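Colleague: Below you'll find structure30.txt; it's compact mmCIF, C-alpha atoms (C1' of nucleotides).
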# COMPACT_ATOMS: atom_id res chain seq x y z
CA MET Q 1 -104.92 -124.56 7.28
CA ALA Q 2 -106.23 -121.31 8.73
CA VAL Q 3 -102.95 -119.67 7.74
CA ALA Q 4 -103.29 -120.97 4.19
CA MET Q 5 -106.84 -119.74 3.99
CA SER Q 6 -105.91 -116.27 5.08
CA ARG Q 7 -103.12 -116.21 2.51
CA VAL Q 8 -105.56 -116.98 -0.27
CA ARG Q 9 -107.87 -114.33 1.07
CA ALA Q 10 -104.97 -111.88 1.08
CA ALA Q 11 -104.23 -112.81 -2.51
CA LEU Q 12 -107.82 -112.10 -3.38
CA MET Q 13 -107.57 -108.65 -1.83
CA LEU Q 14 -104.30 -107.95 -3.65
CA HIS Q 15 -105.79 -108.75 -7.02
CA ARG Q 16 -109.07 -107.02 -6.72
CA ALA Q 17 -108.37 -105.13 -9.93
CA VAL Q 18 -107.75 -108.24 -12.04
CA PRO Q 19 -110.21 -109.42 -14.71
CA GLN Q 20 -113.21 -111.52 -13.79
CA PRO Q 21 -111.92 -115.02 -14.73
CA GLN Q 22 -109.01 -114.70 -12.35
CA GLN Q 23 -111.25 -113.65 -9.49
CA CYS Q 24 -113.35 -116.72 -10.16
CA LEU Q 25 -110.26 -118.89 -10.02
CA LEU Q 26 -109.06 -117.50 -6.72
CA ALA Q 27 -112.53 -117.78 -5.29
CA SER Q 28 -112.73 -121.42 -6.30
CA LEU Q 29 -109.29 -121.97 -4.81
CA GLN Q 30 -110.59 -120.64 -1.53
CA LEU Q 31 -113.65 -122.84 -1.76
CA ALA Q 32 -111.45 -125.84 -2.48
CA ARG Q 33 -109.50 -125.26 0.70
CA THR Q 34 -112.69 -124.85 2.71
CA LEU Q 35 -114.00 -128.18 1.44
CA VAL Q 36 -110.78 -129.93 2.36
CA CYS Q 37 -110.92 -128.43 5.84
CA LYS Q 38 -114.24 -130.16 6.27
CA ALA Q 39 -112.92 -133.50 5.00
CA VAL Q 40 -112.47 -136.19 7.63
CA GLU Q 41 -108.88 -136.65 8.73
CA THR Q 42 -107.90 -140.12 7.58
CA PRO Q 43 -104.51 -141.52 8.51
CA PRO Q 44 -102.72 -143.57 5.86
CA ALA Q 45 -103.70 -147.23 5.89
CA ALA Q 46 -101.06 -149.18 7.69
CA GLU Q 47 -99.75 -152.20 5.85
CA THR Q 48 -97.50 -153.75 8.42
CA PRO Q 49 -95.86 -157.04 7.52
CA PRO Q 50 -95.67 -159.75 10.16
CA GLU Q 51 -91.99 -159.01 10.66
CA ALA Q 52 -91.06 -155.48 9.72
CA GLU Q 53 -87.50 -156.06 8.63
CA LYS Q 54 -85.24 -153.25 7.53
CA ASN Q 55 -83.87 -153.18 3.98
CA THR Q 56 -86.12 -155.96 2.74
CA GLU Q 57 -89.21 -155.54 0.66
CA ASN Q 58 -92.60 -155.56 2.32
CA LYS Q 59 -94.09 -158.87 1.14
CA LEU Q 60 -97.63 -157.92 2.01
CA LEU Q 61 -97.25 -154.70 0.04
CA LEU Q 62 -95.88 -156.60 -2.97
CA ASP Q 63 -98.86 -158.96 -2.87
CA ASN Q 64 -101.24 -156.02 -2.68
CA LEU Q 65 -99.60 -154.34 -5.64
CA LYS Q 66 -99.72 -157.52 -7.72
CA VAL Q 67 -103.43 -157.90 -7.00
CA LEU Q 68 -103.94 -154.31 -8.11
CA GLY Q 69 -102.25 -155.10 -11.43
CA VAL Q 70 -99.17 -152.99 -10.74
CA ASP Q 71 -96.04 -153.72 -12.77
CA VAL Q 72 -93.87 -154.51 -9.74
CA PRO Q 73 -90.53 -154.88 -11.59
CA MET Q 74 -91.13 -151.44 -13.10
CA ALA Q 75 -92.01 -149.96 -9.71
CA ARG Q 76 -88.92 -151.57 -8.18
CA LYS Q 77 -86.71 -150.11 -10.88
CA ARG Q 78 -88.14 -146.62 -10.42
CA GLN Q 79 -88.40 -146.21 -6.66
CA PRO Q 80 -87.11 -149.29 -4.84
CA GLY Q 81 -87.35 -147.65 -1.43
CA VAL Q 82 -91.13 -147.50 -1.59
CA LEU Q 83 -91.36 -151.29 -1.72
CA ARG Q 84 -89.49 -151.53 1.57
CA ARG Q 85 -91.81 -149.22 3.44
CA THR Q 86 -93.88 -150.65 6.23
CA GLU Q 87 -96.63 -148.04 5.99
CA THR Q 88 -98.26 -147.28 2.68
CA ASN Q 89 -101.68 -146.26 1.44
CA GLU Q 90 -102.21 -148.22 -1.78
CA HIS Q 91 -105.78 -149.16 -0.97
CA GLY Q 92 -106.62 -145.61 0.00
CA LEU Q 93 -105.09 -144.36 -3.25
CA VAL Q 94 -107.03 -146.87 -5.34
CA THR Q 95 -110.31 -145.99 -3.65
CA PHE Q 96 -109.58 -142.31 -4.03
CA LEU Q 97 -108.66 -142.42 -7.71
CA LYS Q 98 -111.52 -144.76 -8.59
CA ALA Q 99 -113.95 -142.37 -6.94
CA LYS Q 100 -112.55 -139.67 -9.21
CA GLY Q 101 -113.29 -141.79 -12.26
CA ALA Q 102 -109.99 -143.59 -12.90
CA ASP Q 103 -110.28 -147.21 -14.02
CA ARG Q 104 -108.22 -150.11 -12.67
CA GLU Q 105 -105.65 -150.02 -15.49
CA THR Q 106 -105.08 -146.31 -15.05
CA VAL Q 107 -104.48 -146.65 -11.33
CA ALA Q 108 -102.12 -149.61 -11.84
CA SER Q 109 -100.21 -147.70 -14.48
CA ILE Q 110 -99.92 -144.65 -12.24
CA ILE Q 111 -98.49 -146.69 -9.36
CA SER Q 112 -96.16 -148.63 -11.66
CA ARG Q 113 -94.69 -145.43 -13.07
CA PHE Q 114 -94.63 -143.42 -9.85
CA PRO Q 115 -94.72 -145.76 -6.85
CA ARG Q 116 -94.34 -142.98 -4.31
CA ALA Q 117 -97.98 -142.17 -5.01
CA ILE Q 118 -98.93 -144.87 -2.51
CA THR Q 119 -97.23 -143.01 0.32
CA ARG Q 120 -99.65 -140.09 0.17
CA SER Q 121 -102.37 -139.93 2.80
CA ARG Q 122 -106.06 -139.52 2.10
CA GLN Q 123 -105.99 -136.02 3.53
CA HIS Q 124 -103.05 -135.05 1.34
CA LEU Q 125 -104.67 -136.52 -1.78
CA GLU Q 126 -107.96 -134.77 -1.13
CA GLU Q 127 -106.26 -131.44 -0.57
CA ARG Q 128 -104.03 -131.72 -3.65
CA TRP Q 129 -106.96 -132.81 -5.79
CA GLN Q 130 -109.02 -129.83 -4.75
CA LEU Q 131 -106.14 -127.51 -5.57
CA TRP Q 132 -105.84 -129.00 -9.05
CA ARG Q 133 -109.59 -128.79 -9.43
CA SER Q 134 -109.41 -125.06 -8.78
CA VAL Q 135 -107.76 -124.88 -12.20
CA PHE Q 136 -109.50 -127.74 -14.04
CA GLN Q 137 -113.15 -128.04 -14.94
CA SER Q 138 -113.70 -131.68 -14.02
CA ASP Q 139 -112.27 -134.70 -12.22
CA GLN Q 140 -111.94 -136.41 -15.57
CA GLU Q 141 -109.51 -133.75 -16.79
CA VAL Q 142 -107.32 -134.27 -13.72
CA VAL Q 143 -107.44 -138.04 -14.19
CA SER Q 144 -106.28 -137.71 -17.78
CA ILE Q 145 -103.29 -135.57 -16.80
CA LEU Q 146 -102.44 -137.98 -14.00
CA HIS Q 147 -102.57 -140.86 -16.42
CA ARG Q 148 -100.27 -138.97 -18.76
CA SER Q 149 -97.87 -137.76 -16.12
CA PRO Q 150 -98.23 -139.29 -12.65
CA GLU Q 151 -94.97 -137.68 -11.60
CA SER Q 152 -96.32 -134.17 -12.08
CA PHE Q 153 -99.08 -134.76 -9.59
CA PHE Q 154 -97.28 -136.91 -7.04
CA ARG Q 155 -93.64 -135.85 -7.02
CA SER Q 156 -94.08 -133.16 -4.43
CA SER Q 157 -95.77 -133.62 -1.08
CA ASP Q 158 -95.96 -129.90 -0.49
CA ASN Q 159 -99.54 -128.76 -1.01
CA ASP Q 160 -98.79 -125.42 0.53
CA ASN Q 161 -96.24 -124.80 -2.20
CA LEU Q 162 -98.76 -125.82 -4.85
CA GLU Q 163 -101.21 -123.30 -3.51
CA LYS Q 164 -98.55 -120.61 -3.46
CA ASN Q 165 -97.75 -121.42 -7.06
CA ILE Q 166 -101.34 -120.97 -8.15
CA VAL Q 167 -101.50 -117.64 -6.35
CA PHE Q 168 -98.11 -116.58 -7.70
CA LEU Q 169 -98.91 -117.49 -11.30
CA SER Q 170 -102.26 -115.73 -11.04
CA SER Q 171 -100.48 -112.67 -9.73
CA LEU Q 172 -98.53 -112.44 -12.99
CA GLY Q 173 -101.75 -111.63 -14.73
CA LEU Q 174 -102.20 -115.10 -16.17
CA ASP Q 175 -105.94 -115.63 -16.25
CA SER Q 176 -107.73 -118.89 -15.56
CA ARG Q 177 -107.54 -119.87 -19.22
CA ASP Q 178 -103.75 -119.42 -19.24
CA LEU Q 179 -103.40 -121.36 -16.00
CA HIS Q 180 -105.52 -124.15 -17.41
CA ARG Q 181 -103.34 -124.35 -20.51
CA LEU Q 182 -100.23 -124.22 -18.37
CA LEU Q 183 -101.29 -127.01 -16.05
CA THR Q 184 -102.55 -129.14 -18.96
CA THR Q 185 -99.48 -128.69 -21.10
CA ALA Q 186 -96.68 -128.50 -18.57
CA PRO Q 187 -98.07 -129.86 -15.31
CA ARG Q 188 -94.59 -130.02 -13.83
CA THR Q 189 -94.68 -126.23 -13.48
CA PHE Q 190 -96.99 -126.63 -10.51
CA SER Q 191 -94.63 -129.05 -8.75
CA ASN Q 192 -91.73 -126.67 -9.04
CA SER Q 193 -90.95 -124.80 -5.88
CA VAL Q 194 -92.58 -121.41 -6.05
CA GLU Q 195 -89.09 -120.00 -5.60
CA LEU Q 196 -87.88 -121.69 -8.79
CA ASN Q 197 -90.83 -120.29 -10.75
CA ARG Q 198 -90.16 -116.90 -9.26
CA GLN Q 199 -86.52 -117.05 -10.36
CA MET Q 200 -87.56 -117.68 -13.95
CA VAL Q 201 -90.08 -114.84 -13.88
CA GLU Q 202 -87.43 -112.54 -12.42
CA LEU Q 203 -84.96 -113.61 -15.08
CA LEU Q 204 -87.48 -112.76 -17.78
CA GLN Q 205 -88.14 -109.40 -16.17
CA ASP Q 206 -84.40 -108.73 -15.95
CA ILE Q 207 -84.01 -109.57 -19.62
CA CYS Q 208 -86.71 -107.04 -20.42
CA HIS Q 209 -84.98 -104.40 -18.30
CA THR Q 210 -81.60 -105.10 -19.86
CA LEU Q 211 -83.04 -104.64 -23.32
CA GLY Q 212 -84.56 -101.32 -22.38
CA GLY Q 213 -88.12 -102.56 -21.98
CA THR Q 214 -90.40 -100.64 -19.66
CA GLN Q 215 -93.00 -103.32 -18.95
CA PRO Q 216 -91.11 -106.29 -17.51
CA SER Q 217 -94.21 -107.95 -16.05
CA LYS Q 218 -96.04 -107.76 -19.33
CA PHE Q 219 -92.98 -109.19 -21.07
CA ALA Q 220 -92.74 -112.12 -18.66
CA LYS Q 221 -96.43 -112.86 -19.03
CA ALA Q 222 -96.19 -112.72 -22.82
CA VAL Q 223 -93.27 -115.13 -22.91
CA ILE Q 224 -94.95 -117.59 -20.53
CA SER Q 225 -98.26 -117.60 -22.35
CA LYS Q 226 -96.48 -118.10 -25.68
CA ASN Q 227 -94.16 -120.77 -24.37
CA LEU Q 228 -95.84 -122.88 -21.74
CA TYR Q 229 -92.73 -124.96 -21.19
CA ILE Q 230 -90.51 -122.09 -20.15
CA LEU Q 231 -91.10 -122.55 -16.42
CA ILE Q 232 -89.91 -126.14 -16.45
CA ARG Q 233 -86.59 -125.16 -17.99
CA SER Q 234 -83.56 -123.96 -16.14
CA THR Q 235 -82.82 -120.25 -15.92
CA LYS Q 236 -79.30 -121.16 -16.99
CA ARG Q 237 -80.61 -122.45 -20.30
CA VAL Q 238 -82.91 -119.51 -21.02
CA GLU Q 239 -80.21 -117.03 -20.05
CA ALA Q 240 -77.68 -118.72 -22.33
CA ASN Q 241 -80.14 -118.72 -25.23
CA VAL Q 242 -80.93 -115.03 -24.83
CA LYS Q 243 -77.22 -114.22 -24.69
CA PHE Q 244 -76.71 -116.24 -27.84
CA PHE Q 245 -79.55 -114.50 -29.69
CA ARG Q 246 -78.14 -111.16 -28.65
CA GLU Q 247 -74.75 -111.97 -30.14
CA ALA Q 248 -75.82 -114.01 -33.14
CA LEU Q 249 -78.74 -111.99 -34.46
CA GLY Q 250 -77.16 -108.58 -34.04
CA LEU Q 251 -80.54 -106.91 -33.56
CA ARG Q 252 -81.17 -103.58 -31.87
CA ASP Q 253 -82.34 -104.08 -28.27
CA SER Q 254 -85.89 -103.02 -29.02
CA LEU Q 255 -86.13 -105.43 -31.95
CA LEU Q 256 -84.64 -108.25 -29.93
CA LEU Q 257 -87.16 -107.59 -27.17
CA ALA Q 258 -90.02 -107.76 -29.67
CA PHE Q 259 -88.55 -110.95 -31.11
CA LEU Q 260 -88.23 -112.64 -27.70
CA GLN Q 261 -91.83 -111.97 -26.72
CA GLY Q 262 -93.06 -112.77 -30.21
CA SER Q 263 -92.07 -115.71 -32.35
CA GLY Q 264 -88.76 -116.07 -30.49
CA ALA Q 265 -90.57 -117.12 -27.31
CA ASP Q 266 -91.20 -120.50 -28.91
CA ILE Q 267 -87.54 -121.39 -29.12
CA LEU Q 268 -86.33 -119.66 -25.99
CA ASP Q 269 -86.38 -122.91 -24.06
CA MET Q 270 -84.58 -125.07 -26.60
CA SER Q 271 -81.56 -127.05 -25.53
CA HIS Q 272 -78.74 -124.53 -25.84
CA ASP Q 273 -76.43 -126.86 -27.75
CA ILE Q 274 -79.15 -127.86 -30.20
CA LEU Q 275 -80.03 -124.20 -30.72
CA ARG Q 276 -76.43 -123.31 -31.57
CA ARG Q 277 -76.08 -126.36 -33.79
CA ASN Q 278 -79.27 -125.66 -35.71
CA PHE Q 279 -78.31 -122.01 -36.13
CA ARG Q 280 -74.92 -122.98 -37.52
CA MET Q 281 -76.42 -125.60 -39.81
CA LEU Q 282 -79.02 -123.17 -41.11
CA GLN Q 283 -76.26 -120.75 -42.06
CA GLU Q 284 -74.22 -123.52 -43.66
CA LYS Q 285 -77.17 -124.79 -45.64
CA LEU Q 286 -78.13 -121.39 -46.95
CA THR Q 287 -74.62 -120.42 -47.97
CA SER Q 288 -74.22 -123.79 -49.71
CA VAL Q 289 -77.15 -122.98 -51.99
CA GLY Q 290 -76.20 -119.39 -52.69
CA GLY Q 291 -77.74 -117.56 -49.75
CA SER Q 292 -75.94 -115.37 -47.25
CA LYS Q 293 -75.50 -115.38 -43.49
CA LYS Q 294 -77.72 -112.31 -43.36
CA ASP Q 295 -80.45 -114.34 -45.06
CA SER Q 296 -80.43 -116.84 -42.21
CA ILE Q 297 -80.99 -114.03 -39.72
CA THR Q 298 -83.86 -112.67 -41.81
CA ILE Q 299 -85.41 -116.13 -41.77
CA ILE Q 300 -85.03 -116.52 -38.01
CA VAL Q 301 -86.49 -113.11 -37.25
CA ASN Q 302 -89.54 -113.84 -39.41
CA TYR Q 303 -89.90 -117.49 -38.55
CA ALA Q 304 -88.00 -118.41 -35.39
CA SER Q 305 -89.28 -121.98 -35.36
CA VAL Q 306 -86.94 -122.72 -38.24
CA LEU Q 307 -84.37 -123.34 -35.51
CA TYR Q 308 -86.55 -126.14 -34.26
CA LEU Q 309 -85.91 -128.09 -37.46
CA SER Q 310 -83.19 -130.68 -37.33
CA PRO Q 311 -80.41 -130.06 -39.86
CA GLU Q 312 -81.52 -133.09 -41.89
CA ARG Q 313 -85.15 -132.02 -42.03
CA LEU Q 314 -84.23 -128.46 -42.92
CA SER Q 315 -81.89 -129.60 -45.66
CA GLU Q 316 -84.50 -131.92 -47.14
CA LYS Q 317 -87.13 -129.21 -47.24
CA VAL Q 318 -84.85 -126.60 -48.77
CA ASP Q 319 -83.61 -129.04 -51.43
CA CYS Q 320 -87.14 -130.12 -52.19
CA LEU Q 321 -88.21 -126.49 -52.79
CA LEU Q 322 -85.13 -125.67 -54.87
CA ARG Q 323 -85.67 -128.72 -57.08
CA GLU Q 324 -89.05 -127.32 -58.01
CA GLY Q 325 -87.45 -124.13 -59.28
CA ILE Q 326 -88.12 -122.04 -56.20
CA SER Q 327 -85.28 -119.61 -55.43
CA VAL Q 328 -83.39 -119.13 -52.17
CA GLY Q 329 -84.62 -115.54 -52.15
CA GLN Q 330 -88.21 -116.73 -52.23
CA ILE Q 331 -87.61 -119.02 -49.27
CA VAL Q 332 -85.94 -116.19 -47.37
CA GLN Q 333 -88.92 -113.93 -48.05
CA LYS Q 334 -91.46 -116.62 -47.19
CA PRO Q 335 -89.81 -118.94 -44.66
CA LYS Q 336 -93.14 -120.13 -43.31
CA VAL Q 337 -93.34 -122.62 -46.16
CA LEU Q 338 -90.70 -124.54 -44.19
CA ASP Q 339 -93.32 -124.96 -41.50
CA PHE Q 340 -95.15 -127.56 -43.54
CA SER Q 341 -94.21 -131.21 -43.59
CA LEU Q 342 -92.01 -132.50 -46.36
CA GLU Q 343 -94.77 -134.84 -47.49
CA ASN Q 344 -97.26 -132.02 -47.62
CA LEU Q 345 -94.88 -129.79 -49.60
CA LYS Q 346 -94.13 -132.60 -52.06
CA TRP Q 347 -97.80 -133.34 -52.55
CA ARG Q 348 -98.66 -129.68 -53.12
CA MET Q 349 -95.83 -129.21 -55.59
CA ASP Q 350 -96.86 -132.37 -57.46
CA GLU Q 351 -100.40 -131.10 -57.80
CA LEU Q 352 -99.24 -127.66 -58.90
CA ARG Q 353 -96.82 -129.11 -61.44
CA LYS Q 354 -99.69 -130.97 -63.09
CA LEU Q 355 -101.37 -127.61 -63.58
CA HIS Q 356 -98.17 -126.00 -64.90
CA TYR Q 357 -98.02 -123.61 -61.96
CA ASP Q 358 -95.07 -121.23 -62.24
CA PHE Q 359 -93.58 -120.29 -58.86
CA GLY Q 360 -91.39 -117.69 -60.52
CA ILE Q 361 -94.43 -115.77 -61.74
CA ASN Q 362 -96.99 -116.60 -59.07
CA GLY Q 363 -94.85 -116.81 -55.95
CA ILE Q 364 -94.81 -119.50 -53.29
CA THR Q 365 -97.51 -118.25 -50.93
CA VAL Q 366 -99.81 -120.91 -52.31
CA LEU Q 367 -97.75 -123.43 -50.32
CA ASP Q 368 -98.43 -121.56 -47.09
CA THR Q 369 -102.17 -122.06 -46.75
CA SER Q 370 -104.46 -124.50 -45.04
CA LYS Q 371 -105.34 -127.74 -46.85
CA LYS Q 372 -108.88 -126.52 -47.39
CA ARG Q 373 -107.75 -123.29 -49.00
CA PHE Q 374 -105.12 -125.08 -51.04
CA GLU Q 375 -107.66 -127.54 -52.44
CA ALA Q 376 -110.02 -124.70 -53.31
CA LYS Q 377 -107.14 -123.06 -55.13
CA LEU Q 378 -106.45 -126.27 -57.07
CA ILE Q 379 -110.07 -126.40 -58.25
CA LYS Q 380 -109.86 -122.83 -59.50
CA LEU Q 381 -106.58 -123.45 -61.25
CA SER Q 382 -107.90 -126.55 -63.02
CA ALA Q 383 -110.94 -124.62 -64.20
CA LEU Q 384 -108.56 -122.14 -65.81
CA GLU Q 385 -106.54 -124.88 -67.54
C1' DG R 386 -112.52 -111.96 -54.11
C1' DG R 387 -108.17 -113.61 -53.53
C1' DA R 388 -103.60 -112.93 -51.63
C1' DA R 389 -100.92 -111.87 -47.84
C1' DC R 390 -100.27 -111.29 -43.02
C1' DC R 391 -100.42 -112.93 -38.64
C1' DG R 392 -101.05 -115.42 -34.60
C1' DG R 393 -102.76 -119.34 -32.39
C1' DG R 394 -103.78 -124.47 -31.55
C1' DC R 395 -102.11 -129.09 -30.70
C1' DT R 396 -97.83 -130.45 -27.77
C1' DC R 397 -93.91 -132.98 -23.26
C1' DT R 398 -92.36 -137.20 -20.04
C1' DG R 399 -89.27 -140.23 -17.83
C1' DC R 400 -85.03 -140.52 -16.12
C1' DC R 401 -80.85 -139.16 -13.47
C1' DA R 402 -78.14 -136.41 -10.03
C1' DT R 403 -77.85 -134.29 -5.82
C1' DG R 404 -78.48 -132.35 -1.30
C1' DG R 405 -80.93 -132.55 2.90
C1' DG R 406 -83.23 -134.98 6.50
C1' DT R 407 -83.64 -138.89 9.55
C1' DA N 408 -77.22 -145.63 4.84
C1' DC N 409 -81.19 -144.71 3.13
C1' DC N 410 -85.14 -142.22 1.21
C1' DC N 411 -87.39 -138.13 -0.29
C1' DA N 412 -87.95 -133.91 -2.74
C1' DT N 413 -86.39 -131.22 -6.23
C1' DG N 414 -83.72 -129.42 -10.27
C1' DG N 415 -82.30 -130.38 -14.75
C1' DC N 416 -81.83 -132.68 -19.05
C1' DA N 417 -82.79 -135.02 -23.87
C1' DG N 418 -84.94 -134.31 -28.41
C1' DA N 419 -86.73 -131.59 -31.91
C1' DG N 420 -93.03 -129.71 -36.15
C1' DC N 421 -97.21 -129.21 -38.39
C1' DC N 422 -101.41 -127.12 -39.41
C1' DC N 423 -105.44 -123.81 -39.50
C1' DG N 424 -108.18 -119.81 -40.26
C1' DG N 425 -109.44 -114.79 -38.93
C1' DT N 426 -108.27 -110.36 -40.49
C1' DT N 427 -106.32 -107.02 -43.43
C1' DC N 428 -104.73 -105.49 -47.72
C1' DC N 429 -104.94 -104.75 -52.64
Could you take the file, read its structure, and then write that structure out as structure tokens?
Modeller:
Amino acid sequence: MAVAMSRVRAALMLHRAVPQPQQCLLASLQLARTLVCKAVETPPAAETPPEAEKNTENKLLLDNLKVLGVDVPMARKRQPGVLRRTETNEHGLVTFLKAKGADRETVASIISRFPRAITRSRQHLEERWQLWRSVFQSDQEVVSILHRSPESFFRSSDNDNLEKNIVFLSSLGLDSRDLHRLLTTAPRTFSNSVELNRQMVELLQDICHTLGGTQPSKFAKAVISKNLYILIRSTKRVEANVKFFREALGLRDSLLLAFLQGSGADILDMSHDILRRNFRMLQEKLTSVGGSKKDSITIIVNYASVLYLSPERLSEKVDCLLREGISVGQIVQKPKVLDFSLENLKWRMDELRKLHYDFGINGITVLDTSKKRFEAKLIKLSALE
DNA sequence: GGAACCGGGCTCTGCCATGGGT
DNA sequence: ACCCATGGCAGAGCCCGGTTCC
């Protein structure tokens, strides 16, 4: 523990120049570790069956789990080995989580979905909790993430690695707000080995270098804060996607770099096959209605999330707009209209039709506004009628 | 004052495969 | 032989409003 403490202290020294929120975070991380040091060492509760047989389930444990409301068949399906263990800490876990504000159902659901949780000792739980709390504001926030994704919290037993991750991610210049968003949105990031996270960051920095960028760290930070899922994807996937963009978009390096840390960051982590498929289908759809392949690139550069749309959804939206007399050129110039749901677009076009709105004369920007602004616009248009 | 531009907010786990350790 | 820890994958949008421009 003393070693860990000194590491955090060292991290604090290293990042003396960072903004205030980050200093606060590292300070609270240090405090968290201090508190855990003071916690009483509690060995895991032993649940030894009368006859500890190998390769058979621990009957006493099964009874305990049933009493706790755990879905035993589900637990058995997920991690059968846990049910054969002779030493587990289910009571300790229940007491611990309840003290943090989790109700009975939540705890039962957590164990059902990630049985290995009951193998963690009190000391381990306390330490891990405090590390999470160095990023979150309250116990309740941690409980809600645990309820959502028990695996993210319990899959790794390496608290030292978790601490290194927090220090490493802070060192990228991600402030406490970014870290909070990261841990809330993609909690698995913090269970990755710090080495895996480092590999992704290095890949991003390499990409920046390759494209002639001069601020690789800034680039990596920008991509991560724009796409919080990037660190739970494989470097293989991200690398393949960048390579594909490079070939398919035909942009100058500097433009590609701007694209990747801008709107392109959103789709950088897409499944590579789906990305290629959606790109191909976008081109096919546009050419089938009179557009060109160049148009599809213009759309992607201005609105990368178009590649997120399934071919069916994209086709429906484009057809829906064309039926209303909107031209392909208008869609290419204003692709963000594709961002809105089909239902929303239909409703807006119905309302505008009633008021004899002419998209040819007035353009289609009216479709790309918030509901509030759109309704205000409708009122004005009806007054003019 | 209204249109256009622009970026940000939500959001994503549960399962399988595999290699290492005992 | 078994369990644990870890890496990787599937699947695939919608909405809002601050700021700037004309």
Colleague: Using 12 Å as the limit and counting all atoms listed in the file, can you tabulate each residue of chain N that touches stretch 235-238 of chain Q, with its shortest atom-to-atom distance in Å and the two atoms involved, as JSON lines?
Modeller:
{"residue": "N:DG414", "atom": "C1'", "partner": "Q:Thr235", "partner_atom": "CA", "distance": 10.8}
{"residue": "N:DG415", "atom": "C1'", "partner": "Q:Arg237", "partner_atom": "CA", "distance": 9.8}
{"residue": "N:DC416", "atom": "C1'", "partner": "Q:Arg237", "partner_atom": "CA", "distance": 10.4}
Colleague: Using all atoms listed in the file and a distance of at most 10 Å, pull out the residues of chain Q that contact chain N, as a PyMOL selection string.
Modeller: chain Q and resi 55+79-82+85+116+155-158+191-193+196+232-234+236-237+270-271+274+305-310+338-341+344+368-373
Colleague: Go through chain Q residue by residue and, counting all atoms listed in the file, keep those with an atom at most 8 Å from chain R; for each kept residue give the shortest atom pair and its distance in Å to one decimal, ordered by chain and increasing number, as a tab-separated table.
Modeller:
residue	atom	partner	partner_atom	distance
Q:Ser149	CA	R:DT398	C1'	6.8
Q:Thr185	CA	R:DT396	C1'	7.1
Q:Ala186	CA	R:DC397	C1'	7.1
Q:Thr365	CA	R:DA389	C1'	7.9
Colleague: List as a PDB file with C-alpha atoms, in the frame of the given file the protein and nucleic acid residues near Q:Met74, meaning an atom at most 12 Å away when only C-alpha atoms (C1' of nucleotides) are counted, but skip any in the same chain fewer than 2 places from it.
Modeller:
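Below you can see result08.pdb, which holds the result:
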ATOM      1  CA  LEU Q  65     -99.600-154.340  -5.640  1.00  0.00           C
ATOM      2  CA  LYS Q  66     -99.720-157.520  -7.720  1.00  0.00           C
ATOM      3  CA  GLY Q  69    -102.250-155.100 -11.430  1.00  0.00           C
ATOM      4  CA  VAL Q  70     -99.170-152.990 -10.740  1.00  0.00           C
ATOM      5  CA  ASP Q  71     -96.040-153.720 -12.770  1.00  0.00           C
ATOM      6  CA  VAL Q  72     -93.870-154.510  -9.740  1.00  0.00           C
ATOM      7  CA  ARG Q  76     -88.920-151.570  -8.180  1.00  0.00           C
ATOM      8  CA  LYS Q  77     -86.710-150.110 -10.880  1.00  0.00           C
ATOM      9  CA  ARG Q  78     -88.140-146.620 -10.420  1.00  0.00           C
ATOM     10  CA  GLN Q  79     -88.400-146.210  -6.660  1.00  0.00           C
ATOM     11  CA  PRO Q  80     -87.110-149.290  -4.840  1.00  0.00           C
ATOM     12  CA  LEU Q  83     -91.360-151.290  -1.720  1.00  0.00           C
ATOM     13  CA  ALA Q 108    -102.120-149.610 -11.840  1.00  0.00           C
ATOM     14  CA  SER Q 109    -100.210-147.700 -14.480  1.00  0.00           C
ATOM     15  CA  ILE Q 110     -99.920-144.650 -12.240  1.00  0.00           C
ATOM     16  CA  ILE Q 111     -98.490-146.690  -9.360  1.00  0.00           C
ATOM     17  CA  SER Q 112     -96.160-148.630 -11.660  1.00  0.00           C
ATOM     18  CA  ARG Q 113     -94.690-145.430 -13.070  1.00  0.00           C
ATOM     19  CA  PHE Q 114     -94.630-143.420  -9.850  1.00  0.00           C
ATOM     20  CA  PRO Q 115     -94.720-145.760  -6.850  1.00  0.00           C
TER      21      PRO Q 115
END
Colleague: Could you give me, as a PyMOL selection string, the residues within 9 Å of Q:Trp132, counting all atoms listed in the file and dropping anything in the same chain fewer than 2 positions from it?
Modeller: chain Q and resi 29+127-130+134-136+142+153+162+183
Colleague: From the set Q:Asn278, Q:Thr88, Q:Thr287, Q:Ser225, which residue has the shortest atom-to-atom contact distance to Q:Leu179, counting only C-alpha atoms?
Modeller: Q:Ser225
Colleague: For atom CA of Q:His147 and atom CA of Q:Val107, quote the distance in Å rounded to one decimal.
Modeller: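 Straight-line distance from atom CA of Q:His147 to atom CA of Q:Val107 works out to 7.9 Å.
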Colleague: Would you list the residues near (-86.5, -126.4, -44.3), meaning any protein, DNA or RNA residue with an atom at most 9 Å from that point in file coordinates, counting all atoms listed in the file, as a ChimeraX atom specification?
Modeller: /Q:282,306,309-321,331,335,337-340,342
Colleague: What does the distance between atom CA of Q:Gly212 and atom CA of Q:Gln261 come to in Å, to one decimal place?
Modeller: 13.6 Å
Colleague: One decimal, in Å: what's the spacing between atom CA of Q:Asp160 and atom CA of Q:Ile230?
Modeller: 22.5 Å
Colleague: Show me, as lines of an AutoDock Vina configuration file, the centre and edge lengths in Å to one decimal of the axis-aligned box that covers every listed atom of stretch 346-365 of chain Q with 5 Å on each side.
Modeller:
center_x = -96.4
center_y = -124.6
center_z = -57.9
size_x = 20.0
size_y = 27.6
size_z = 24.0
